Every structure is written in structure tokens, then in C-alpha cells.
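Participant: Data: upload10.txt, compact mmCIF, C-alpha atoms.
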# COMPACT_ATOMS: atom_id res chain seq x y z
CA MET A 1 -0.54 2.68 9.29
CA LEU A 2 2.57 4.49 10.44
CA LEU A 3 6.15 3.55 11.13
CA PHE A 4 7.73 4.32 14.49
CA ARG A 5 11.17 3.91 15.98
CA SER A 6 9.80 2.35 19.18
CA GLU A 7 6.65 1.59 21.15
CA GLU A 8 7.40 4.71 23.16
CA THR A 9 7.00 7.01 20.18
CA VAL A 10 3.78 5.15 19.27
CA LYS A 11 2.43 6.00 22.71
CA GLN A 12 3.47 9.63 22.33
CA TRP A 13 1.77 9.82 18.93
CA CYS A 14 -1.43 8.31 20.33
CA ILE A 15 -1.46 10.80 23.21
CA ALA A 16 -0.89 13.69 20.81
CA ASN A 17 -3.72 12.50 18.57
CA GLU A 18 -6.02 11.51 21.44
CA ILE A 19 -6.53 7.94 20.29
CA PRO A 20 -5.91 4.70 22.16
CA VAL A 21 -2.81 2.63 21.46
CA ARG A 22 -3.83 -0.05 19.02
CA PRO A 23 -2.05 -3.15 17.64
CA MET A 24 1.57 -3.02 16.57
CA ILE A 25 3.53 -5.42 14.40
CA ASN A 26 7.23 -5.90 13.71
CA LEU A 27 9.21 -5.66 10.50
CA ASP A 28 9.13 -9.38 9.71
CA GLN A 29 5.33 -9.43 10.08
CA LEU A 30 5.05 -6.38 7.84
CA TRP A 31 7.22 -8.00 5.17
CA TYR A 32 4.95 -11.06 5.24
CA LEU A 33 1.90 -8.84 4.72
CA ALA A 34 3.63 -6.93 1.93
CA GLN A 35 4.53 -10.11 0.07
CA THR A 36 1.13 -11.76 0.41
CA TRP A 37 -0.74 -8.58 -0.56
CA TYR A 38 1.45 -7.34 -3.36
CA GLY A 39 3.69 -10.18 -4.53
CA ASN A 40 1.61 -10.74 -7.67
CA ARG A 41 0.31 -7.18 -8.14
CA LEU A 42 1.96 -6.85 -11.57
CA SER A 43 0.52 -10.16 -12.78
CA VAL A 44 -2.48 -10.74 -15.03
CA ASP A 45 -4.49 -12.44 -12.28
CA SER A 46 -3.60 -10.02 -9.48
CA ARG A 47 -6.33 -8.90 -7.13
CA ARG A 48 -6.78 -7.74 -3.58
CA PRO A 49 -7.36 -10.58 -1.09
CA GLY A 50 -10.99 -11.12 -0.11
CA PRO A 51 -12.15 -10.91 3.53
CA ASP A 52 -11.70 -14.62 4.31
CA GLU A 53 -8.28 -14.64 2.65
CA MET A 54 -7.31 -11.59 4.66
CA SER A 55 -8.23 -13.30 7.91
CA GLY A 56 -6.15 -16.32 6.93
CA ILE A 57 -3.15 -14.13 6.10
CA PHE A 58 -3.41 -12.29 9.41
CA ALA A 59 -3.72 -15.56 11.32
CA GLN A 60 -0.47 -16.81 9.76
CA ILE A 61 1.42 -14.11 11.64
CA GLY A 62 -0.59 -14.26 14.85
CA LEU A 63 -2.99 -11.40 14.18
CA ALA A 64 -6.46 -12.41 15.34
CA GLY A 65 -9.52 -10.95 17.00
CA PRO A 66 -12.07 -8.32 15.99
CA PHE A 67 -9.46 -5.67 15.16
CA TRP A 68 -8.07 -7.84 12.36
CA ASP A 69 -11.45 -9.16 11.19
CA PRO A 70 -12.35 -7.34 7.92
CA LYS A 71 -16.00 -8.29 8.49
CA SER A 72 -16.19 -7.26 12.13
CA ASP A 73 -18.77 -4.69 13.18
CA LEU A 74 -17.38 -4.39 16.69
CA TRP A 75 -15.39 -1.25 15.88
CA MET B 76 -7.56 -10.66 -21.82
CA ASP B 77 -10.52 -8.47 -20.80
CA ILE B 78 -10.31 -4.68 -20.84
CA ASP B 79 -10.18 -4.35 -17.04
CA THR B 80 -7.12 -6.58 -16.88
CA THR B 81 -5.50 -4.82 -19.83
CA VAL B 82 -5.93 -1.41 -18.22
CA LYS B 83 -4.85 -2.66 -14.81
CA LEU B 84 -1.65 -4.11 -16.24
CA ASN B 85 -0.94 -0.94 -18.21
CA ILE B 86 -1.30 1.15 -15.05
CA TYR B 87 1.00 -1.02 -12.99
CA GLU B 88 3.56 -1.59 -15.74
CA THR B 89 3.66 2.15 -16.42
CA ILE B 90 4.31 2.91 -12.77
CA ALA B 91 6.93 0.18 -12.48
CA GLN B 92 8.79 1.51 -15.52
CA THR B 93 8.38 5.27 -15.06
CA THR B 94 7.55 5.65 -11.31
CA GLN B 95 4.62 7.87 -12.41
CA THR B 96 0.92 7.03 -12.28
CA PRO B 97 -0.74 7.39 -15.70
CA THR B 98 -3.92 9.42 -16.27
CA THR B 99 -6.98 8.07 -18.02
CA LYS B 100 -5.80 9.91 -21.16
CA ASP B 101 -2.35 8.32 -20.91
CA VAL B 102 -3.86 4.85 -20.67
CA ALA B 103 -6.34 5.45 -23.52
CA LYS B 104 -3.52 6.66 -25.76
CA ALA B 105 -1.15 3.84 -24.83
CA LEU B 106 -3.75 1.15 -25.44
CA GLY B 107 -5.59 2.79 -28.35
CA ILE B 108 -8.99 2.53 -26.73
CA PRO B 109 -11.69 5.18 -26.13
CA LEU B 110 -11.21 7.48 -23.14
CA SER B 111 -14.74 6.77 -21.93
CA ASP B 112 -13.93 3.05 -21.74
CA VAL B 113 -10.83 3.75 -19.66
CA GLU B 114 -12.81 6.02 -17.34
CA SER B 115 -15.29 3.18 -16.77
CA VAL B 116 -12.46 0.75 -16.03
CA PHE B 117 -10.92 3.18 -13.53
CA GLU B 118 -14.27 3.20 -11.69
CA ARG B 119 -14.41 -0.60 -11.65
CA LEU B 120 -10.80 -0.89 -10.46
CA HIS B 121 -11.64 1.53 -7.68
CA LYS B 122 -14.53 -0.70 -6.61
CA LYS B 123 -12.14 -3.65 -6.63
CA ARG B 124 -9.82 -1.58 -4.42
CA LEU B 125 -6.99 -1.73 -6.94
CA LEU B 126 -6.78 2.04 -7.35
CA VAL B 127 -7.94 5.20 -5.65
CA PRO B 128 -8.69 8.22 -7.85
CA GLU B 129 -7.49 11.66 -6.89
CA PRO B 130 -10.29 13.28 -4.84
CA GLY B 131 -12.22 15.55 -7.17
CA ASP B 132 -10.36 14.40 -10.28
CA PRO B 133 -11.09 10.81 -11.33
CA SER B 134 -8.78 11.12 -14.34
CA HIS B 135 -5.76 11.01 -12.02
CA ILE B 136 -4.67 8.20 -9.72
CA ARG B 137 -3.97 9.00 -6.07
CA MET B 138 -3.08 5.42 -5.20
CA ALA B 139 -2.48 2.24 -7.14
CA PRO B 140 -1.47 0.29 -4.06
CA PRO B 141 1.31 -0.12 -3.10
CA PHE B 142 2.29 2.87 -5.27
CA SER B 143 1.32 6.46 -4.53
CA GLY B 144 0.49 8.98 -7.24
CA VAL B 145 1.75 11.82 -5.06
CA GLU B 146 4.87 12.39 -3.01
CA THR B 147 4.67 10.96 0.51
CA PRO B 148 7.03 10.53 3.48
CA PHE B 149 7.69 6.95 2.29
CA ARG B 150 10.42 7.08 -0.37
CA VAL B 151 11.32 3.73 -1.91
CA LYS B 152 14.52 3.50 -3.92
CA VAL B 153 14.79 0.52 -6.25
CA GLN B 154 18.02 0.53 -8.24
CA GLU B 155 18.06 3.99 -9.86
CA LYS B 156 14.32 4.63 -9.49
CA LEU B 157 12.42 6.47 -6.75
CA TYR B 158 8.86 5.48 -5.95
CA TYR B 159 6.50 6.83 -3.30
CA ALA B 160 4.42 4.52 -1.11
CA ASN B 161 1.14 5.21 0.66
CA CYS B 162 2.11 3.89 4.09
CA ALA B 163 4.58 1.64 5.91
CA TRP B 164 2.90 -1.51 4.58
CA ASP B 165 3.02 -0.24 1.02
CA ALA B 166 6.64 0.89 1.41
CA LEU B 167 7.55 -2.78 1.73
CA GLY B 168 4.87 -3.65 -0.80
CA ILE B 169 6.80 -1.94 -3.59
CA PRO B 170 9.87 -4.22 -3.42
CA ALA B 171 7.45 -7.13 -2.92
CA ALA B 172 5.54 -6.19 -6.08
CA LEU B 173 8.66 -5.55 -8.13
CA HIS B 174 10.53 -8.56 -6.70
CA LYS B 175 13.58 -6.40 -6.18
CA ASP B 176 15.62 -5.15 -3.26
CA ALA B 177 14.97 -1.63 -2.04
CA LEU B 178 16.11 1.12 0.28
CA ILE B 179 13.23 2.80 2.07
CA GLU B 180 13.53 6.28 3.51
CA ALA B 181 10.80 7.14 5.98
CA MET B 182 10.42 8.86 9.31
CA ASP B 183 9.18 8.19 12.79
CA GLY B 184 5.45 8.91 12.79
CA PHE B 185 5.70 10.97 15.99
CA SER B 186 9.11 12.63 16.05
CA GLY B 187 9.73 12.93 12.32
CA GLU B 188 13.20 11.49 12.88
CA PRO B 189 14.51 9.93 9.65
CA MET B 190 14.41 6.14 9.46
CA THR B 191 15.83 3.84 6.82
CA LEU B 192 14.66 0.31 6.10
CA GLU B 193 16.19 -2.07 3.64
CA ILE B 194 15.09 -5.13 1.71
CA LYS B 195 18.24 -7.04 0.79
CA ASP B 196 18.41 -10.40 -0.95
CA GLY B 197 14.63 -10.59 -0.66
CA GLN B 198 14.49 -10.14 3.12
CA PRO B 199 14.16 -7.15 5.47
CA VAL B 200 17.36 -6.10 7.17
CA SER B 201 16.79 -6.09 10.92
CA HIS B 202 16.05 -2.59 12.21
CA PRO B 203 14.47 -1.39 15.45
CA CYS B 204 10.95 -0.27 14.55
CA VAL B 205 7.27 -0.99 15.07
CA ILE B 206 4.29 -0.45 12.81
CA HIS B 207 1.13 0.83 14.47
CA PHE B 208 -2.35 0.25 13.05
CA ALA B 209 -4.66 3.05 14.19
CA VAL B 210 -7.64 1.81 12.15
CA PRO B 211 -9.24 -1.68 12.41
CA ALA B 212 -9.26 -3.85 9.27
CA ALA B 213 -13.01 -3.51 8.76
CA LYS B 214 -12.64 0.26 8.38
CA TRP B 215 -9.48 0.59 6.31
CA TRP B 216 -11.34 1.57 3.15
CA GLU B 217 -13.77 3.99 4.79
CA ASP B 218 -10.99 6.57 4.45
CA ILE B 219 -8.10 4.79 2.77
CA ILE B 220 -6.06 7.98 2.37
CA PHE B 221 -6.09 8.45 6.16
CA THR B 222 -5.49 4.74 6.80
Translate the structure of the given file into C-alpha cells.
Facilitator:
Amino acid sequence: MLLFRSEETVKQWCIANEIPVRPMINLDQLWYLAQTWYGNRLSVDSRRPGPDEMSGIFAQIGLAGPFWDPKSDLW
Amino acid sequence: MDIDTTVKLNIYETIAQTTQTPTTKDVAKALGIPLSDVESVFERLHKKRLLVPEPGDPSHIRMAPPFSGVETPFRVKVQEKLYYANCAWDALGIPAALHKDALIEAMDGFSGEPMTLEIKDGQPVSHPCVIHFAVPAAKWWEDIIFT
């Protein structure tokens, strides 16, 4: 996932790479993901969230639907 | 503590302290265990999606998310240290993992224009930006280096 200054530069990037515009999130949402994914990464019991945990984390910041479903086969 | 956890912690603690990803030889020497055991652990950690070996050279780490084993456009400054992140998410993941504030130097994905983000007092400083996900969650690990 890439960082952009605005939605306009996202659209320009998508046109240049011939892919559709897909979901975007803001900085506060990204910080939430960063903390939930990596907050305990240097701990003994650290691990990557499983699929159901991932869906729960995404739902907490309003990210739902097949695009955010790690088990989806719709894409 | 089992060997997988011991190796995992050594990898992450080494990166946190030195900013550099250790090789299998580095880890074997640091922990005093056989190289072949460390190589097996690297494979298992890859399956658990806790590290990505360098393509064509499994003795080196390309990614130990959120850290990158190679230089990237996402430069994360924490106190006097400079880390590299794999993507926008991981750029914030480094201060999250280290529980420290950070200054992140990146660039607009289209224009290449420099962008700076900051984590201060444990929170992101407001900055006009968006993060675009080109790949759906179910396919992130099909080509994690591209993702």
C-alpha cells in the first residue's frame, strides 16, 4: 500500500498503472492498524493476527466488505 | 522458551538495536545454536508470515514486518536511528512496535513529492494524506513485496 498526498494523486497513479481506484484510508485509521498489527511485535507472544482477528480489526475502523475479508475469494 | 520464539526475538531485538536485519549465520552465532536449526526456524517464521526471506537467498531477510532488510522510500527516524519500512502501514508500524515517537520521510506514490509524517507523544500529527490499498486483503501475501 502506498502513501499519497491526496485522492487526486491516487487517481493519477491508478490511471498510470491501469488499475481501478481501490479503498483509501486516512492517517488515523492507518495508525490504528499499525498499533494493532505491530504493537507487540517485539514481545515473546507476538504473532500476526489470524483471519478472523483481521476482520475484527478492520471492522473497528469501518473497513468491511469483500475487499477487507482475508478469506474472500471474490477478488 | 521454544527455539522459534528465541530466534524470532533475536531477529527483532537485533533490528531494533542495530537497524539491520541479521542473517541466519548472525542469529546462529548470537544464540550459539546450529546454523541448520536457524535455517529451519527462518522457514517456519516465513510460513507464519513473520519474515520474508530475500528472493533467491533464504539466509538473508528481506522483510521482518514492519522492518525492511533493504532500503526503501519509507525512512523512519527514531531518535538517532534510521530504519526502513516496507510500506506506508509498516512506516507507522515501526514506531508502534518500538513504542517510540518517529519522523517518517516518504514520498507521494504518484508524483514522488517528498512527504513527512510524524508520530508525536504516541499519536500521528495531522497531515493531509491518504493511503491507497491496491491489493485486497485476501491476496496480500500472494506477492507481499509488491503489496
Participant: Set out as CSV a contact list for chain A and chain B with a cut-off of 7 Å, giving each residue of chain A that qualifies its closest atom pair and distance in Å to one decimal, counting only C-alpha atoms, ordered by chain and rising residue number.
Facilitator:
residue,atom,partner,partner_atom,distance
A:Met1,CA,B:Phe208,CA,4.8
A:Leu2,CA,B:His207,CA,5.6
A:Leu3,CA,B:Ile206,CA,4.7
A:Phe4,CA,B:Asp183,CA,4.5
A:Arg5,CA,B:Cys204,CA,4.4
A:Ser6,CA,B:Cys204,CA,5.4
A:Glu7,CA,B:Val205,CA,6.6
A:Thr9,CA,B:Phe185,CA,5.9
A:Val10,CA,B:Phe185,CA,7.0
A:Gln12,CA,B:Phe185,CA,6.9
A:Trp13,CA,B:Phe185,CA,5.0
A:Arg22,CA,B:Ala209,CA,5.8
A:Pro23,CA,B:Phe208,CA,5.7
A:Met24,CA,B:His207,CA,4.4
A:Ile25,CA,B:Ile206,CA,5.3
A:Asn26,CA,B:Val205,CA,5.1
A:Leu27,CA,B:Val205,CA,6.8
A:Asp28,CA,B:Pro199,CA,6.9
A:Leu30,CA,B:Trp164,CA,6.2
A:Trp31,CA,B:Leu167,CA,6.3
A:Ala34,CA,B:Gly168,CA,4.4
A:Gln35,CA,B:Ala171,CA,5.1
A:Tyr38,CA,B:Ala172,CA,5.0
A:Gly39,CA,B:Ala172,CA,4.7
A:Asn40,CA,B:Ala172,CA,6.2
A:Arg41,CA,B:Ala172,CA,5.7
A:Leu42,CA,B:Tyr87,CA,6.1
A:Val44,CA,B:Thr80,CA,6.5
A:Arg48,CA,B:Leu125,CA,6.9
A:Phe67,CA,B:Pro211,CA,4.9
A:Trp68,CA,B:Ala212,CA,5.2
A:Asp69,CA,B:Ala212,CA,6.1
A:Pro70,CA,B:Ala213,CA,4.0
A:Lys71,CA,B:Ala213,CA,5.6
A:Ser72,CA,B:Ala213,CA,6.0
Participant: Just the residues within 8 Å of stretch 92-99 of chain B, please, counting only C-alpha atoms, with nothing from its chain fewer than 4 positions along; format it as a tab-separated table (two decimals) with C-alpha atoms, in the frame of the given file.
Facilitator:
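Output file selection-v2.tsv follows:
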chain	number	residue	atom	x	y	z
B	86	ILE	CA	-1.30	1.15	-15.05
B	88	GLU	CA	3.56	-1.59	-15.74
B	103	ALA	CA	-6.34	5.45	-23.52
B	110	LEU	CA	-11.21	7.48	-23.14
B	113	VAL	CA	-10.83	3.75	-19.66
B	114	GLU	CA	-12.81	6.02	-17.34
B	117	PHE	CA	-10.92	3.18	-13.53
B	134	SER	CA	-8.78	11.12	-14.34
B	135	HIS	CA	-5.76	11.01	-12.02
B	136	ILE	CA	-4.67	8.20	-9.72
B	139	ALA	CA	-2.48	2.24	-7.14
B	143	SER	CA	1.32	6.46	-4.53
B	144	GLY	CA	0.49	8.98	-7.24
B	156	LYS	CA	14.32	4.63	-9.49
B	157	LEU	CA	12.42	6.47	-6.75
B	158	TYR	CA	8.86	5.48	-5.95
Participant: Which distance in Å separates atom CA of A:Trp37 and atom CA of A:Pro49, to one decimal?
Facilitator: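 Here the two named atoms are 6.9 Å from each other.
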Participant: Could you work out how far atom CA of B:Asp176 lies from atom CA of B:Asp196, giving the answer in Å with one decimal?
Facilitator: 6.4 Å
Participant: Compare B:Glu180, B:Asp112, B:Glu193, B:Glu118 by their minimum atom-to-atom distance to B:Ile78, counting only C-alpha atoms, and give me the closest one.
Facilitator: B:Asp112
Participant: Just need the box for stretch 9-13 of chain A, edges along x, y and z, holding every atom the file lists for it with 4 Å tacked onto each side, so centre and edge lengths in Å to one decimal, as AutoDock Vina command-line options.
Facilitator:
--center_x 4.4 --center_y 7.5 --center_z 20.8 --size_x 13.2 --size_y 12.7 --size_z 11.8
Participant: Counting all atoms listed in the file, which residue out of B:Ala105, B:Ala177, B:Ile90, B:Val82 sits closest to B:Arg150?
Facilitator: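 Using all atoms listed in the file, the shortest distance to B:Arg150 belongs to B:Ala177.
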Participant: Expressed in Å to a single decimal, how great is the separation between atom CA of A:Ile61 and atom CA of A:Gln29?
Facilitator: 6.3 Å
Participant: Complete stretch 35-71 of chain A with N, CA and C atoms (output as a PDB file, in the coordinates of the input).
Facilitator:
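Contents of selection-v7.pdb, as written:
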ATOM      1  N   GLN A  35       4.357  -9.081   1.111  1.00  0.00           N
ATOM      2  CA  GLN A  35       4.530 -10.110   0.070  1.00  0.00           C
ATOM      3  C   GLN A  35       3.208 -10.775  -0.296  1.00  0.00           C
ATOM      4  N   THR A  36       2.394 -11.087   0.706  1.00  0.00           N
ATOM      5  CA  THR A  36       1.130 -11.760   0.410  1.00  0.00           C
ATOM      6  C   THR A  36       0.152 -10.823  -0.297  1.00  0.00           C
ATOM      7  N   TRP A  37       0.189  -9.543   0.049  1.00  0.00           N
ATOM      8  CA  TRP A  37      -0.740  -8.580  -0.560  1.00  0.00           C
ATOM      9  C   TRP A  37      -0.310  -8.196  -1.985  1.00  0.00           C
ATOM     10  N   TYR A  38       0.987  -7.990  -2.144  1.00  0.00           N
ATOM     11  CA  TYR A  38       1.450  -7.340  -3.360  1.00  0.00           C
ATOM     12  C   TYR A  38       2.388  -8.169  -4.225  1.00  0.00           C
ATOM     13  N   GLY A  39       2.711  -9.379  -3.802  1.00  0.00           N
ATOM     14  CA  GLY A  39       3.690 -10.180  -4.530  1.00  0.00           C
ATOM     15  C   GLY A  39       3.319 -10.450  -5.972  1.00  0.00           C
ATOM     16  N   ASN A  40       2.020 -10.488  -6.270  1.00  0.00           N
ATOM     17  CA  ASN A  40       1.610 -10.740  -7.670  1.00  0.00           C
ATOM     18  C   ASN A  40       0.890  -9.542  -8.280  1.00  0.00           C
ATOM     19  N   ARG A  41       1.098  -8.349  -7.715  1.00  0.00           N
ATOM     20  CA  ARG A  41       0.310  -7.180  -8.140  1.00  0.00           C
ATOM     21  C   ARG A  41       0.543  -6.814  -9.609  1.00  0.00           C
ATOM     22  N   LEU A  42       1.691  -7.168 -10.171  1.00  0.00           N
ATOM     23  CA  LEU A  42       1.960  -6.850 -11.570  1.00  0.00           C
ATOM     24  C   LEU A  42       1.608  -8.013 -12.500  1.00  0.00           C
ATOM     25  N   SER A  43       0.892  -8.999 -11.991  1.00  0.00           N
ATOM     26  CA  SER A  43       0.520 -10.160 -12.780  1.00  0.00           C
ATOM     27  C   SER A  43      -0.892 -10.011 -13.348  1.00  0.00           C
ATOM     28  N   VAL A  44      -1.166 -10.791 -14.377  1.00  0.00           N
ATOM     29  CA  VAL A  44      -2.480 -10.740 -15.030  1.00  0.00           C
ATOM     30  C   VAL A  44      -3.602 -11.018 -14.023  1.00  0.00           C
ATOM     31  N   ASP A  45      -3.411 -12.008 -13.172  1.00  0.00           N
ATOM     32  CA  ASP A  45      -4.490 -12.440 -12.280  1.00  0.00           C
ATOM     33  C   ASP A  45      -4.420 -11.776 -10.898  1.00  0.00           C
ATOM     34  N   SER A  46      -3.717 -10.666 -10.794  1.00  0.00           N
ATOM     35  CA  SER A  46      -3.600 -10.020  -9.480  1.00  0.00           C
ATOM     36  C   SER A  46      -4.931  -9.467  -9.021  1.00  0.00           C
ATOM     37  N   ARG A  47      -5.138  -9.492  -7.728  1.00  0.00           N
ATOM     38  CA  ARG A  47      -6.330  -8.900  -7.130  1.00  0.00           C
ATOM     39  C   ARG A  47      -6.065  -8.733  -5.641  1.00  0.00           C
ATOM     40  N   ARG A  48      -6.896  -7.920  -5.024  1.00  0.00           N
ATOM     41  CA  ARG A  48      -6.780  -7.740  -3.580  1.00  0.00           C
ATOM     42  C   ARG A  48      -7.386  -8.951  -2.893  1.00  0.00           C
ATOM     43  N   PRO A  49      -6.772  -9.443  -1.799  1.00  0.00           N
ATOM     44  CA  PRO A  49      -7.360 -10.580  -1.090  1.00  0.00           C
ATOM     45  C   PRO A  49      -8.768 -10.268  -0.597  1.00  0.00           C
ATOM     46  N   GLY A  50      -9.642 -11.275  -0.647  1.00  0.00           N
ATOM     47  CA  GLY A  50     -10.990 -11.120  -0.110  1.00  0.00           C
ATOM     48  C   GLY A  50     -10.966 -11.213   1.412  1.00  0.00           C
ATOM     49  N   PRO A  51     -12.119 -10.934   2.064  1.00  0.00           N
ATOM     50  CA  PRO A  51     -12.150 -10.910   3.530  1.00  0.00           C
ATOM     51  C   PRO A  51     -11.674 -12.204   4.193  1.00  0.00           C
ATOM     52  N   ASP A  52     -12.115 -13.355   3.687  1.00  0.00           N
ATOM     53  CA  ASP A  52     -11.700 -14.620   4.310  1.00  0.00           C
ATOM     54  C   ASP A  52     -10.208 -14.861   4.096  1.00  0.00           C
ATOM     55  N   GLU A  53      -9.719 -14.500   2.905  1.00  0.00           N
ATOM     56  CA  GLU A  53      -8.280 -14.640   2.650  1.00  0.00           C
ATOM     57  C   GLU A  53      -7.480 -13.730   3.580  1.00  0.00           C
ATOM     58  N   MET A  54      -7.991 -12.520   3.776  1.00  0.00           N
ATOM     59  CA  MET A  54      -7.310 -11.590   4.660  1.00  0.00           C
ATOM     60  C   MET A  54      -7.181 -12.168   6.068  1.00  0.00           C
ATOM     61  N   SER A  55      -8.262 -12.728   6.565  1.00  0.00           N
ATOM     62  CA  SER A  55      -8.230 -13.300   7.910  1.00  0.00           C
ATOM     63  C   SER A  55      -7.202 -14.419   8.000  1.00  0.00           C
ATOM     64  N   GLY A  56      -7.126 -15.239   6.946  1.00  0.00           N
ATOM     65  CA  GLY A  56      -6.150 -16.320   6.930  1.00  0.00           C
ATOM     66  C   GLY A  56      -4.718 -15.801   6.919  1.00  0.00           C
ATOM     67  N   ILE A  57      -4.488 -14.734   6.157  1.00  0.00           N
ATOM     68  CA  ILE A  57      -3.150 -14.130   6.100  1.00  0.00           C
ATOM     69  C   ILE A  57      -2.765 -13.561   7.466  1.00  0.00           C
ATOM     70  N   PHE A  58      -3.701 -12.857   8.090  1.00  0.00           N
ATOM     71  CA  PHE A  58      -3.410 -12.290   9.410  1.00  0.00           C
ATOM     72  C   PHE A  58      -3.116 -13.403  10.425  1.00  0.00           C
ATOM     73  N   ALA A  59      -3.907 -14.469  10.358  1.00  0.00           N
ATOM     74  CA  ALA A  59      -3.720 -15.560  11.320  1.00  0.00           C
ATOM     75  C   ALA A  59      -2.336 -16.191  11.196  1.00  0.00           C
ATOM     76  N   GLN A  60      -1.794 -16.221   9.982  1.00  0.00           N
ATOM     77  CA  GLN A  60      -0.470 -16.810   9.760  1.00  0.00           C
ATOM     78  C   GLN A  60       0.619 -16.109  10.561  1.00  0.00           C
ATOM     79  N   ILE A  61       0.393 -14.835  10.875  1.00  0.00           N
ATOM     80  CA  ILE A  61       1.420 -14.110  11.640  1.00  0.00           C
ATOM     81  C   ILE A  61       0.879 -13.695  13.018  1.00  0.00           C
ATOM     82  N   GLY A  62      -0.124 -14.441  13.479  1.00  0.00           N
ATOM     83  CA  GLY A  62      -0.590 -14.260  14.850  1.00  0.00           C
ATOM     84  C   GLY A  62      -1.496 -13.083  15.082  1.00  0.00           C
ATOM     85  N   LEU A  63      -2.093 -12.542  14.025  1.00  0.00           N
ATOM     86  CA  LEU A  63      -2.990 -11.400  14.180  1.00  0.00           C
ATOM     87  C   LEU A  63      -4.431 -11.891  14.116  1.00  0.00           C
ATOM     88  N   ALA A  64      -5.093 -11.891  15.263  1.00  0.00           N
ATOM     89  CA  ALA A  64      -6.460 -12.410  15.340  1.00  0.00           C
ATOM     90  C   ALA A  64      -7.304 -11.495  16.213  1.00  0.00           C
ATOM     91  N   GLY A  65      -8.599 -11.757  16.195  1.00  0.00           N
ATOM     92  CA  GLY A  65      -9.520 -10.950  17.000  1.00  0.00           C
ATOM     93  C   GLY A  65     -10.257  -9.943  16.156  1.00  0.00           C
ATOM     94  N   PRO A  66     -11.222  -9.245  16.757  1.00  0.00           N
ATOM     95  CA  PRO A  66     -12.070  -8.320  15.990  1.00  0.00           C
ATOM     96  C   PRO A  66     -11.304  -7.230  15.253  1.00  0.00           C
ATOM     97  N   PHE A  67     -10.197  -6.756  15.830  1.00  0.00           N
ATOM     98  CA  PHE A  67      -9.460  -5.670  15.160  1.00  0.00           C
ATOM     99  C   PHE A  67      -8.993  -6.088  13.780  1.00  0.00           C
ATOM    100  N   TRP A  68      -8.626  -7.357  13.626  1.00  0.00           N
ATOM    101  CA  TRP A  68      -8.070  -7.840  12.360  1.00  0.00           C
ATOM    102  C   TRP A  68      -9.120  -8.519  11.483  1.00  0.00           C
ATOM    103  N   ASP A  69     -10.371  -8.508  11.940  1.00  0.00           N
ATOM    104  CA  ASP A  69     -11.450  -9.160  11.190  1.00  0.00           C
ATOM    105  C   ASP A  69     -12.054  -8.152  10.206  1.00  0.00           C
ATOM    106  N   PRO A  70     -11.827  -8.340   8.886  1.00  0.00           N
ATOM    107  CA  PRO A  70     -12.350  -7.340   7.920  1.00  0.00           C
ATOM    108  C   PRO A  70     -13.869  -7.294   7.872  1.00  0.00           C
ATOM    109  N   LYS A  71     -14.532  -8.287   8.494  1.00  0.00           N
ATOM    110  CA  LYS A  71     -16.000  -8.290   8.490  1.00  0.00           C
ATOM    111  C   LYS A  71     -16.575  -7.903   9.862  1.00  0.00           C
TER     112      LYS A  71
END
